[in-house]
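Asker: Below you'll find entry36.cif; it's mmCIF, C-alpha atoms.
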```cif
data_structure
loop_
_atom_site.group_PDB
_atom_site.id
_atom_site.type_symbol
_atom_site.label_atom_id
_atom_site.label_comp_id
_atom_site.auth_asym_id
_atom_site.auth_seq_id
_atom_site.Cartn_x
_atom_site.Cartn_y
_atom_site.Cartn_z
ATOM 1 C CA MET S 421 -1.560 -33.783 209.594
ATOM 2 C CA LYS S 422 -1.685 -37.133 207.760
ATOM 3 C CA ILE S 423 -2.819 -35.406 204.574
ATOM 4 C CA ILE S 424 0.090 -32.957 204.774
ATOM 5 C CA LYS S 425 2.482 -35.842 205.315
ATOM 6 C CA LYS S 426 1.075 -37.704 202.288
ATOM 7 C CA ILE S 427 1.348 -34.614 200.123
ATOM 8 C CA PHE S 428 4.931 -34.034 201.257
ATOM 9 C CA THR S 429 5.816 -37.683 200.582
ATOM 10 C CA PHE S 430 4.257 -37.523 197.124
ATOM 11 C CA ILE S 431 6.170 -34.335 196.274
ATOM 12 C CA LEU S 432 9.421 -35.830 197.555
ATOM 13 C CA ILE S 433 8.968 -39.027 195.525
ATOM 14 C CA THR S 434 8.100 -36.985 192.439
ATOM 15 C CA ILE S 435 11.227 -34.850 192.844
ATOM 16 C CA ILE S 436 13.444 -37.913 193.310
ATOM 17 C CA PHE S 437 11.911 -39.655 190.293
ATOM 18 C CA ALA S 438 12.239 -36.563 188.098
ATOM 19 C CA THR S 439 15.866 -36.102 189.164
ATOM 20 C CA LEU S 440 16.744 -39.716 188.447
ATOM 21 C CA LEU S 441 14.973 -39.533 185.093
ATOM 22 C CA LEU S 442 16.880 -36.410 184.081
ATOM 23 C CA VAL S 443 20.177 -38.021 185.079
ATOM 24 C CA TYR S 444 19.296 -41.087 183.004
ATOM 25 C CA MET S 445 18.271 -38.956 180.013
ATOM 26 C CA ALA S 446 21.366 -36.749 180.126
ATOM 27 C CA LYS S 447 24.137 -39.063 181.344
ATOM 28 C CA ILE S 448 23.179 -42.699 180.882
ATOM 29 C CA GLU S 449 21.135 -43.299 177.738
ATOM 30 C CA PRO S 450 23.207 -40.937 175.525
ATOM 31 C CA ASN S 451 26.316 -42.946 176.468
ATOM 32 C CA MET S 452 24.781 -46.300 175.646
ATOM 33 C CA LEU S 453 25.347 -47.995 172.293
ATOM 34 C CA ILE S 454 23.522 -50.859 170.633
ATOM 35 C CA ALA S 455 23.903 -52.755 167.361
ATOM 36 C CA ARG S 456 20.506 -53.649 165.925
ATOM 37 C CA ASN S 457 20.654 -56.625 163.558
ATOM 38 C CA TYR S 458 18.133 -57.238 160.782
ATOM 39 C CA ASN S 459 17.827 -59.845 158.065
ATOM 40 C CA ILE S 460 16.675 -58.254 154.812
ATOM 41 C CA HIS S 461 15.271 -60.622 152.229
ATOM 42 C CA ILE S 462 15.285 -59.035 148.791
ATOM 43 C CA ASN S 463 12.857 -59.906 146.004
ATOM 44 C CA GLU S 464 12.450 -63.602 145.179
ATOM 45 C CA ASN S 465 13.608 -63.141 141.576
ATOM 46 C CA LYS S 466 16.967 -61.700 142.667
ATOM 47 C CA GLU S 467 19.947 -63.832 143.570
ATOM 48 C CA SER S 468 20.975 -63.966 147.196
ATOM 49 C CA SER S 469 23.574 -61.313 148.035
ATOM 50 C CA ASN S 470 24.681 -62.362 151.515
ATOM 51 C CA ILE S 471 26.087 -58.907 152.157
ATOM 52 C CA LYS S 472 26.408 -57.306 155.587
ATOM 53 C CA ILE S 473 25.780 -53.564 155.547
ATOM 54 C CA VAL S 474 26.305 -51.365 158.600
ATOM 55 C CA GLN S 475 24.713 -47.923 158.816
ATOM 56 C CA PHE S 476 25.542 -45.192 161.309
ATOM 57 C CA THR S 477 24.383 -41.610 161.332
ATOM 58 C CA ASP S 478 24.070 -38.259 163.100
ATOM 59 C CA THR S 479 27.157 -38.353 165.266
ATOM 60 C CA GLN S 480 26.712 -34.583 165.795
ATOM 61 C CA LEU S 481 30.227 -34.261 167.210
ATOM 62 C CA GLY S 482 30.354 -31.385 169.649
ATOM 63 C CA GLU S 483 28.939 -30.486 173.028
ATOM 64 C CA PHE S 484 26.862 -33.658 173.391
ATOM 65 C CA TYR S 485 28.955 -36.257 171.530
ATOM 66 C CA SER S 486 32.682 -36.738 172.005
ATOM 67 C CA LEU S 487 35.534 -38.233 170.006
ATOM 68 C CA SER S 488 35.832 -41.020 172.586
ATOM 69 C CA GLN S 489 32.194 -41.921 171.917
ATOM 70 C CA LEU S 490 32.940 -41.914 168.198
ATOM 71 C CA GLU S 491 35.867 -44.284 168.790
ATOM 72 C CA LYS S 492 33.539 -46.596 170.692
ATOM 73 C CA ALA S 493 31.105 -46.550 167.771
ATOM 74 C CA VAL S 494 33.884 -47.271 165.255
ATOM 75 C CA ASN S 495 34.969 -50.294 167.302
ATOM 76 C CA LYS S 496 31.363 -51.461 167.422
ATOM 77 C CA ILE S 497 31.067 -51.104 163.644
ATOM 78 C CA ASN S 498 34.265 -53.043 162.984
ATOM 79 C CA GLY S 499 33.099 -55.702 165.418
ATOM 80 C CA GLN S 500 30.227 -56.492 163.048
ATOM 81 C CA ASP S 501 32.724 -57.496 160.310
ATOM 82 C CA PRO S 502 30.860 -55.436 157.686
ATOM 83 C CA ASP S 503 31.113 -55.693 153.918
ATOM 84 C CA ILE S 504 29.829 -52.156 153.381
ATOM 85 C CA VAL S 505 29.516 -49.192 155.769
ATOM 86 C CA LEU S 506 27.111 -46.306 155.183
ATOM 87 C CA PHE S 507 27.092 -42.924 156.947
ATOM 88 C CA THR S 508 23.894 -40.963 156.406
ATOM 89 C CA GLY S 509 25.030 -37.508 157.446
ATOM 90 C CA ASP S 510 25.470 -34.925 160.223
ATOM 91 C CA LEU S 511 29.038 -35.573 161.302
ATOM 92 C CA ILE S 512 29.590 -32.384 163.339
ATOM 93 C CA ASP S 513 26.842 -30.503 165.122
ATOM 94 C CA LYS S 514 28.281 -26.987 164.721
ATOM 95 C CA ALA S 515 31.493 -27.087 162.728
ATOM 96 C CA SER S 516 32.253 -23.375 163.163
ATOM 97 C CA LYS S 517 32.525 -23.900 166.940
ATOM 98 C CA TYR S 518 34.130 -27.351 166.976
ATOM 99 C CA LYS S 519 37.786 -27.362 168.058
ATOM 100 C CA ASP S 520 38.820 -30.938 167.219
ATOM 101 C CA ILE S 521 38.116 -31.126 163.496
ATOM 102 C CA ASP S 522 41.681 -32.241 162.776
ATOM 103 C CA LYS S 523 41.239 -35.310 165.005
ATOM 104 C CA ILE S 524 38.196 -36.812 163.287
ATOM 105 C CA THR S 525 39.883 -38.382 160.269
ATOM 106 C CA SER S 526 42.229 -40.558 162.314
ATOM 107 C CA ILE S 527 39.191 -42.150 163.965
ATOM 108 C CA MET S 528 36.881 -42.434 160.958
ATOM 109 C CA SER S 529 39.645 -43.911 158.811
ATOM 110 C CA ASN S 530 39.765 -46.910 161.165
ATOM 111 C CA ILE S 531 36.424 -48.173 159.830
ATOM 112 C CA ASN S 532 37.399 -51.172 157.707
ATOM 113 C CA PRO S 533 34.657 -52.806 155.632
ATOM 114 C CA LYS S 534 35.548 -55.318 152.927
ATOM 115 C CA LEU S 535 33.839 -53.672 149.955
ATOM 116 C CA GLY S 536 33.747 -49.950 150.701
ATOM 117 C CA LYS S 537 32.299 -47.131 152.759
ATOM 118 C CA TYR S 538 29.970 -44.410 151.567
ATOM 119 C CA ALA S 539 28.447 -41.209 152.903
ATOM 120 C CA VAL S 540 25.876 -38.546 152.077
ATOM 121 C CA TRP S 541 25.543 -34.959 153.217
ATOM 122 C CA GLY S 542 23.363 -33.985 156.157
ATOM 123 C CA ASN S 543 21.979 -30.529 156.864
ATOM 124 C CA HIS S 544 24.565 -29.951 159.627
ATOM 125 C CA ASP S 545 27.326 -30.932 157.200
ATOM 126 C CA TYR S 546 26.358 -27.982 155.023
ATOM 127 C CA GLY S 547 25.318 -25.558 157.769
ATOM 128 C CA SER S 548 27.359 -23.836 160.503
ATOM 129 C CA GLY S 549 30.434 -23.852 158.307
ATOM 130 C CA GLY S 550 30.391 -27.613 157.869
ATOM 131 C CA HIS S 551 30.636 -27.372 154.083
ATOM 132 C CA LYS S 552 34.268 -26.260 154.486
ATOM 133 C CA TYR S 553 35.269 -29.527 156.141
ATOM 134 C CA TYR S 554 32.825 -32.378 155.643
ATOM 135 C CA GLU S 555 33.765 -33.747 152.238
ATOM 136 C CA ASN S 556 37.494 -33.502 152.946
ATOM 137 C CA ILE S 557 37.118 -35.295 156.275
ATOM 138 C CA MET S 558 35.064 -38.099 154.781
ATOM 139 C CA THR S 559 37.249 -38.485 151.676
ATOM 140 C CA ASP S 560 40.436 -38.497 153.744
ATOM 141 C CA SER S 561 38.791 -41.131 155.958
ATOM 142 C CA GLY S 562 38.247 -43.383 152.940
ATOM 143 C CA PHE S 563 34.552 -42.671 152.353
ATOM 144 C CA LYS S 564 33.050 -41.967 148.952
ATOM 145 C CA VAL S 565 30.613 -39.061 149.361
ATOM 146 C CA LEU S 566 27.666 -39.615 147.036
ATOM 147 C CA VAL S 567 25.745 -36.596 145.738
ATOM 148 C CA ASN S 568 22.826 -37.817 143.626
ATOM 149 C CA GLU S 569 25.125 -40.624 142.506
ATOM 150 C CA THR S 570 25.050 -44.391 142.231
ATOM 151 C CA VAL S 571 27.958 -46.810 142.443
ATOM 152 C CA SER S 572 27.801 -50.464 141.490
ATOM 153 C CA ILE S 573 29.622 -53.152 143.450
ATOM 154 C CA SER S 574 30.152 -56.601 141.992
ATOM 155 C CA VAL S 575 29.472 -59.247 144.628
ATOM 156 C CA SER S 576 29.576 -62.303 142.344
ATOM 157 C CA LYS S 577 29.990 -63.145 138.679
ATOM 158 C CA ASP S 578 26.435 -62.180 137.773
ATOM 159 C CA LYS S 579 25.414 -60.126 140.766
ATOM 160 C CA ASN S 580 25.707 -56.421 141.541
ATOM 161 C CA ILE S 581 24.639 -54.325 144.484
ATOM 162 C CA THR S 582 24.203 -50.599 143.964
ATOM 163 C CA ILE S 583 24.662 -47.879 146.563
ATOM 164 C CA SER S 584 22.940 -44.574 145.796
ATOM 165 C CA GLY S 585 23.218 -41.324 147.720
ATOM 166 C CA LEU S 586 20.695 -38.505 147.614
ATOM 167 C CA ASP S 587 21.814 -34.953 148.326
ATOM 168 C CA GLU S 588 20.481 -33.194 151.420
ATOM 169 C CA VAL S 589 17.336 -31.097 150.915
ATOM 170 C CA MET S 590 17.731 -28.002 153.140
ATOM 171 C CA PHE S 591 21.007 -26.722 151.681
ATOM 172 C CA GLY S 592 21.730 -29.137 148.840
ATOM 173 C CA LYS S 593 20.003 -30.068 145.588
ATOM 174 C CA PRO S 594 18.496 -33.561 145.798
ATOM 175 C CA ASN S 595 17.767 -35.168 142.452
ATOM 176 C CA ALA S 596 15.812 -38.383 142.849
ATOM 177 C CA LYS S 597 15.206 -38.747 139.110
ATOM 178 C CA SER S 598 18.915 -39.046 138.347
ATOM 179 C CA ILE S 599 19.265 -41.864 140.886
ATOM 180 C CA ILE S 600 16.177 -43.690 139.646
ATOM 181 C CA LYS S 601 17.608 -43.655 136.122
ATOM 182 C CA MET S 602 20.848 -45.235 137.349
ATOM 183 C CA THR S 603 19.259 -48.293 138.966
ATOM 184 C CA ASN S 604 17.677 -51.363 137.436
ATOM 185 C CA SER S 605 15.492 -54.150 138.718
ATOM 186 C CA ASN S 606 18.125 -56.876 138.286
ATOM 187 C CA ASP S 607 20.432 -55.453 140.969
ATOM 188 C CA VAL S 608 20.036 -55.171 144.718
ATOM 189 C CA ASN S 609 19.584 -51.418 145.136
ATOM 190 C CA ILE S 610 20.392 -49.601 148.380
ATOM 191 C CA LEU S 611 19.549 -45.921 148.831
ATOM 192 C CA MET S 612 21.138 -43.543 151.343
ATOM 193 C CA LEU S 613 19.315 -40.345 152.236
ATOM 194 C CA HIS S 614 19.649 -38.047 155.205
ATOM 195 C CA GLU S 615 16.047 -36.886 155.531
ATOM 196 C CA PRO S 616 13.678 -39.880 155.594
ATOM 197 C CA ASP S 617 10.576 -38.071 154.331
ATOM 198 C CA LEU S 618 12.244 -37.675 150.925
ATOM 199 C CA ILE S 619 11.587 -41.369 150.335
ATOM 200 C CA SER S 620 8.277 -40.337 148.762
ATOM 201 C CA GLU S 621 10.271 -39.386 145.654
ATOM 202 C CA PHE S 622 11.285 -43.043 145.188
ATOM 203 C CA LYS S 623 7.961 -44.873 145.478
ATOM 204 C CA ASP S 624 8.064 -45.987 141.844
ATOM 205 C CA SER S 625 11.778 -46.814 141.742
ATOM 206 C CA ASN S 626 13.862 -50.008 141.839
ATOM 207 C CA ILE S 627 15.142 -49.299 145.361
ATOM 208 C CA ASP S 628 14.997 -52.341 147.665
ATOM 209 C CA LEU S 629 16.264 -50.842 150.929
ATOM 210 C CA ALA S 630 16.594 -47.175 151.900
ATOM 211 C CA VAL S 631 18.425 -45.998 155.010
ATOM 212 C CA ALA S 632 18.113 -42.563 156.613
ATOM 213 C CA GLY S 633 18.792 -40.621 159.807
ATOM 214 C CA HIS S 634 18.091 -36.977 160.673
ATOM 215 C CA SER S 635 15.128 -37.463 163.026
ATOM 216 C CA HIS S 636 17.079 -38.881 166.029
ATOM 217 C CA GLY S 637 13.809 -40.661 166.786
ATOM 218 C CA GLY S 638 12.846 -37.322 168.308
ATOM 219 C CA GLN S 639 15.699 -37.820 170.832
ATOM 220 C CA VAL S 640 13.030 -37.923 173.529
ATOM 221 C CA ALA S 641 10.097 -40.279 172.987
ATOM 222 C CA LEU S 642 7.251 -41.319 175.234
ATOM 223 C CA PRO S 643 5.415 -44.656 175.471
ATOM 224 C CA PHE S 644 2.365 -44.831 173.175
ATOM 225 C CA ILE S 645 3.175 -41.347 171.857
ATOM 226 C CA GLY S 646 6.549 -41.683 170.179
ATOM 227 C CA ALA S 647 8.823 -38.825 169.164
ATOM 228 C CA ILE S 648 8.132 -35.534 170.939
ATOM 229 C CA ILE S 649 9.880 -33.158 168.523
ATOM 230 C CA THR S 650 10.881 -34.026 164.974
ATOM 231 C CA PRO S 651 12.778 -31.903 162.422
ATOM 232 C CA PRO S 652 11.532 -30.824 158.995
ATOM 233 C CA PHE S 653 11.614 -33.717 156.507
ATOM 234 C CA GLY S 654 11.843 -36.149 159.410
ATOM 235 C CA GLU S 655 8.265 -35.910 160.620
ATOM 236 C CA LYS S 656 6.443 -38.710 158.790
ATOM 237 C CA TYR S 657 9.138 -41.364 159.189
ATOM 238 C CA THR S 658 10.860 -41.013 162.549
ATOM 239 C CA LYS S 659 12.363 -44.313 163.663
ATOM 240 C CA GLY S 660 12.699 -47.956 162.619
ATOM 241 C CA PHE S 661 11.295 -49.819 159.624
ATOM 242 C CA TYR S 662 8.611 -48.694 157.206
ATOM 243 C CA GLU S 663 7.107 -50.575 154.266
ATOM 244 C CA ILE S 664 7.034 -47.992 151.483
ATOM 245 C CA ASN S 665 5.606 -50.383 148.894
ATOM 246 C CA ASP S 666 5.569 -54.110 148.153
ATOM 247 C CA ARG S 667 9.275 -54.044 147.363
ATOM 248 C CA MET S 668 10.885 -51.125 149.204
ATOM 249 C CA LYS S 669 11.708 -50.874 152.898
ATOM 250 C CA LEU S 670 12.912 -47.746 154.680
ATOM 251 C CA TYR S 671 14.929 -47.842 157.888
ATOM 252 C CA VAL S 672 15.312 -44.680 159.964
ATOM 253 C CA ASN S 673 18.229 -44.893 162.366
ATOM 254 C CA SER S 674 17.836 -42.833 165.558
ATOM 255 C CA GLY S 675 21.485 -41.741 165.394
ATOM 256 C CA LEU S 676 24.446 -41.653 167.732
ATOM 257 C CA GLY S 677 24.706 -38.061 168.910
ATOM 258 C CA ASN S 678 22.432 -35.301 170.116
ATOM 259 C CA THR S 679 21.596 -31.846 168.894
ATOM 260 C CA ARG S 680 20.178 -28.871 170.833
ATOM 261 C CA SER S 681 19.890 -30.776 174.108
ATOM 262 C CA PRO S 682 21.763 -33.522 175.987
ATOM 263 C CA PHE S 683 18.650 -35.604 176.558
ATOM 264 C CA ARG S 684 17.676 -38.973 175.120
ATOM 265 C CA LEU S 685 14.787 -41.176 176.164
ATOM 266 C CA MET S 686 13.685 -44.401 174.471
ATOM 267 C CA ASN S 687 16.267 -43.678 171.761
ATOM 268 C CA ILE S 688 19.421 -45.587 172.648
ATOM 269 C CA PRO S 689 22.244 -44.592 170.252
ATOM 270 C CA GLU S 690 22.479 -47.265 167.598
ATOM 271 C CA ILE S 691 24.228 -48.688 164.597
ATOM 272 C CA SER S 692 22.111 -50.652 162.148
ATOM 273 C CA VAL S 693 23.326 -53.988 160.785
ATOM 274 C CA PHE S 694 21.548 -55.313 157.704
ATOM 275 C CA ASN S 695 22.200 -58.870 156.581
ATOM 276 C CA VAL S 696 21.035 -58.602 152.986
ATOM 277 C CA GLU S 697 20.026 -62.011 151.673
#
```
Could you write out this structure as structure tokens?
Answerer:
Amino acid sequence: MKIIKKIFTFILITIIFATLLLVYMAKIEPNMLIARNYNIHINENKESSNIKIVQFTDTQLGEFYSLSQLEKAVNKINGQDPDIVLFTGDLIDKASKYKDIDKITSIMSNINPKLGKYAVWGNHDYGSGGHKYYENIMTDSGFKVLVNETVSISVSKDKNITISGLDEVMFGKPNAKSIIKMTNSNDVNILMLHEPDLISEFKDSNIDLAVAGHSHGGQVALPFIGAIITPPFGEKYTKGFYEINDRMKLYVNSGLGNTRSPFRLMNIPEISVFNVE
């Protein structure tokens, strides 16, 4: 009788724990939001930039991420008082099924950095009909959408910072060589790319800091194991910082929204704040 009671108690505790965990994964963690701050010290032979760059990514607007959550993220971004804002793709999860496309611009246009805001394409921005809307939404919101392009921003009399954007790989035509040709070692060079594994194309470039998204950190991660499921081109670099070479760092942001499932675990939605010195 005692054994049966112990077994019943164990099963009951397991059911309660599993239920609470599922509620946390579906309702609590996906609605959290954190700003992660990092100081990035660029090469010793480059002048100090003292630029604050905010990255956000993978909003995946739709079933699992709402416009009210996007508004919360925009307020969080503006609260960092950024100089530059970067969006690394996947604005809408399934554009062909999304009913509030006309409401996005009024929210995204409220992002107000001092020196500009830039975006690249994600695979969801091309797929599911997203190509019909994405560039117009971002342009109307004040973003410059970079497709294998580099822009130079003057931050002082003798100092420039470049922002480069690589096209998405699944539906687009990424051209790393064209970006590499447009950067030089005297500037502080920032690279935006949606899929982090494409950083391998830039190992011999002048890029100082690369920022990516796409992987969502796996959405669900486990202690000592990490991401459970990762997408193509987001399998090697899944979350956080990576030293690509002596000069270049890659940061993979785990994103704001969800795709395919409502669950998040050990992947609190985030914006990344880089104080580039």
Asker: Selected by the PyMOL selection byres ((chain S and resi 545-555) around 8) in the shown coordinates: which residues, as a PyMOL selection string?
Answerer: chain S and resi 509-516+541-544+556-559+565+591-592
Asker: For Ser529 of chain S, work out the shell of residues within 7 Å, counting only C-alpha atoms and skipping chain neighbours fewer than 2 positions away, then give it as a PyMOL selection string.
Answerer: chain S and resi 525-527+531+561-562
Asker: Can you list, as an MDAnalysis selection string, every protein, DNA or RNA residue that comes within 6 Å of Lys537 of chain S when you count all atoms listed in the file, leaving out same-chain residues fewer than 4 positions away?
Answerer: chainID S and resid 504:506 563
Asker: Which residues would end up in the selection if the PyMOL selection byres ((chain S and resi 668) around 8) were applied here, given that I need the answer as a PyMOL selection string?
Answerer: chain S and resi 623+627-630+663-667+669-670
Asker: Exactly which residues make up the result of the PyMOL selection byres ((chain S and resi 655) around 12) on this file, given as a PyMOL selection string?
Answerer: chain S and resi 615-618+633-638+646-654+656-659+672
Asker: Contacts of Asn495 of chain S at 10 Å or less, counting only C-alpha atoms, minus same-chain residues fewer than 3 places along, as a tab-separated table (two decimals) with C-alpha atoms, in the coordinates of the input?
Answerer:
```tsv
chain	number	residue	atom	x	y	z
S	489	GLN	CA	32.19	-41.92	171.92
S	490	LEU	CA	32.94	-41.91	168.20
S	491	GLU	CA	35.87	-44.28	168.79
S	492	LYS	CA	33.54	-46.60	170.69
S	498	ASN	CA	34.26	-53.04	162.98
S	499	GLY	CA	33.10	-55.70	165.42
S	500	GLN	CA	30.23	-56.49	163.05
S	527	ILE	CA	39.19	-42.15	163.96
S	530	ASN	CA	39.76	-46.91	161.16
S	531	ILE	CA	36.42	-48.17	159.83
S	532	ASN	CA	37.40	-51.17	157.71
```
Asker: Pick the closest to Gly677 of chain S from S:Ile473, S:Ile583, S:Ile521, S:Leu453: which is it, counting all atoms listed in the file?
Answerer: S:Leu453
Asker: In Å to one decimal, how far is atom CA of Pro533 of chain S from atom CA of Pro502 of chain S?
Answerer: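 Distance reported for this atom pair: 5.1 Å.
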Asker: Is it possible to get the residues within 10 Å of (22.3, -53.8, 137.7) (coordinates as in the file, counting all atoms listed in the file) written as an MDAnalysis selection string?
Answerer: chainID S and resid 572:574 578:582 602:609
Asker: Filtering to C-alpha atoms, could you give me those residues as a compact mmCIF listing (two decimals), in the frame of the given file?
Answerer:
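Written out: selection.txt:
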```
# COMPACT_ATOMS: atom_id res chain seq x y z
CA SER S 572 27.80 -50.46 141.49
CA ILE S 573 29.62 -53.15 143.45
CA SER S 574 30.15 -56.60 141.99
CA ASP S 578 26.44 -62.18 137.77
CA LYS S 579 25.41 -60.13 140.77
CA ASN S 580 25.71 -56.42 141.54
CA ILE S 581 24.64 -54.32 144.48
CA THR S 582 24.20 -50.60 143.96
CA MET S 602 20.85 -45.24 137.35
CA THR S 603 19.26 -48.29 138.97
CA ASN S 604 17.68 -51.36 137.44
CA SER S 605 15.49 -54.15 138.72
CA ASN S 606 18.12 -56.88 138.29
CA ASP S 607 20.43 -55.45 140.97
CA VAL S 608 20.04 -55.17 144.72
CA ASN S 609 19.58 -51.42 145.14
```
Asker: Please indicate the distance in Å from atom CA of Val589 of chain S to atom CA of Lys519 of chain S, rounded to one decimal place.
Answerer: 26.9 Å
Asker: Using Å and a single decimal, report how far atom CA of Asn568 of chain S sits from atom CA of Glu588 of chain S.
Answerer: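 It comes out at 9.4 Å.
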Asker: Ranking S:Lys517, S:Lys425, S:His614, S:Lys472 by minimum distance to Ile497 of chain S and counting only C-alpha atoms, which one comes first?
Answerer: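 Of S:Lys517, S:Lys425, S:His614, S:Lys472, the one nearest Ile497 of chain S is S:Lys472, counting only C-alpha atoms.
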Asker: Considering all atoms listed in the file, can you say which of S:Ile524, S:Met686, S:Ala455, S:Ile471 comes closest to Ser488 of chain S?
Answerer: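 Closest residue, counting all atoms listed in the file: S:Ile524.
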Asker: Find the residues near Met445 of chain S: any atom within 10 Å, counting only C-alpha atoms, skip ones fewer than 3 places away on the same chain, and give them as a PyMOL selection string.
Answerer: chain S and resi 439-442+448-451+639-640+682-688
Asker: Taking the block above, write segment 616-631 of chain S with N, CA and C atoms as an mmCIF file, in the first residue's frame.
Answerer:
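Done, and the output landed in part.cif:
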```cif
data_model
loop_
_atom_site.group_PDB
_atom_site.id
_atom_site.type_symbol
_atom_site.label_atom_id
_atom_site.label_comp_id
_atom_site.auth_asym_id
_atom_site.auth_seq_id
_atom_site.Cartn_x
_atom_site.Cartn_y
_atom_site.Cartn_z
ATOM 1 N N PRO S 616 23.200 33.021 -39.091
ATOM 2 C CA PRO S 616 24.535 33.185 -38.499
ATOM 3 C C PRO S 616 25.622 32.311 -39.117
ATOM 4 N N ASP S 617 25.274 31.139 -39.630
ATOM 5 C CA ASP S 617 26.308 30.252 -40.153
ATOM 6 C C ASP S 617 26.984 30.800 -41.402
ATOM 7 N N LEU S 618 26.392 31.834 -42.024
ATOM 8 C CA LEU S 618 27.006 32.443 -43.195
ATOM 9 C C LEU S 618 28.226 33.278 -42.840
ATOM 10 N N ILE S 619 28.493 33.428 -41.552
ATOM 11 C CA ILE S 619 29.658 34.213 -41.132
ATOM 12 C C ILE S 619 30.954 33.598 -41.645
ATOM 13 N N SER S 620 30.930 32.321 -41.978
ATOM 14 C CA SER S 620 32.143 31.661 -42.481
ATOM 15 C C SER S 620 32.657 32.324 -43.752
ATOM 16 N N GLU S 621 31.774 33.005 -44.479
ATOM 17 C CA GLU S 621 32.176 33.688 -45.711
ATOM 18 C C GLU S 621 32.978 34.961 -45.429
ATOM 19 N N PHE S 622 33.046 35.378 -44.168
ATOM 20 C CA PHE S 622 33.674 36.660 -43.828
ATOM 21 C C PHE S 622 34.915 36.505 -42.950
ATOM 22 N N LYS S 623 35.441 35.309 -42.844
ATOM 23 C CA LYS S 623 36.562 35.071 -41.926
ATOM 24 C C LYS S 623 37.797 35.892 -42.262
ATOM 25 N N ASP S 624 37.984 36.221 -43.507
ATOM 26 C CA ASP S 624 39.161 36.999 -43.921
ATOM 27 C C ASP S 624 38.798 38.429 -44.300
ATOM 28 N N SER S 625 37.749 38.962 -43.681
ATOM 29 C CA SER S 625 37.280 40.308 -44.012
ATOM 30 C C SER S 625 37.700 41.314 -42.946
ATOM 31 N N ASN S 626 37.253 42.569 -43.136
ATOM 32 C CA ASN S 626 37.536 43.639 -42.172
ATOM 33 C C ASN S 626 36.403 43.828 -41.165
ATOM 34 N N ILE S 627 35.468 42.895 -41.115
ATOM 35 C CA ILE S 627 34.329 43.021 -40.203
ATOM 36 C C ILE S 627 34.809 42.925 -38.747
ATOM 37 N N ASP S 628 34.320 43.836 -37.915
ATOM 38 C CA ASP S 628 34.654 43.835 -36.486
ATOM 39 C C ASP S 628 33.580 43.140 -35.654
ATOM 40 N N LEU S 629 32.312 43.441 -35.960
ATOM 41 C CA LEU S 629 31.199 42.853 -35.221
ATOM 42 C C LEU S 629 30.112 42.449 -36.204
ATOM 43 N N ALA S 630 29.671 41.203 -36.126
ATOM 44 C CA ALA S 630 28.548 40.723 -36.934
ATOM 45 C C ALA S 630 27.394 40.384 -36.014
ATOM 46 N N VAL S 631 26.176 40.708 -36.451
ATOM 47 C CA VAL S 631 24.988 40.398 -35.659
ATOM 48 C C VAL S 631 24.012 39.607 -36.528
#
```
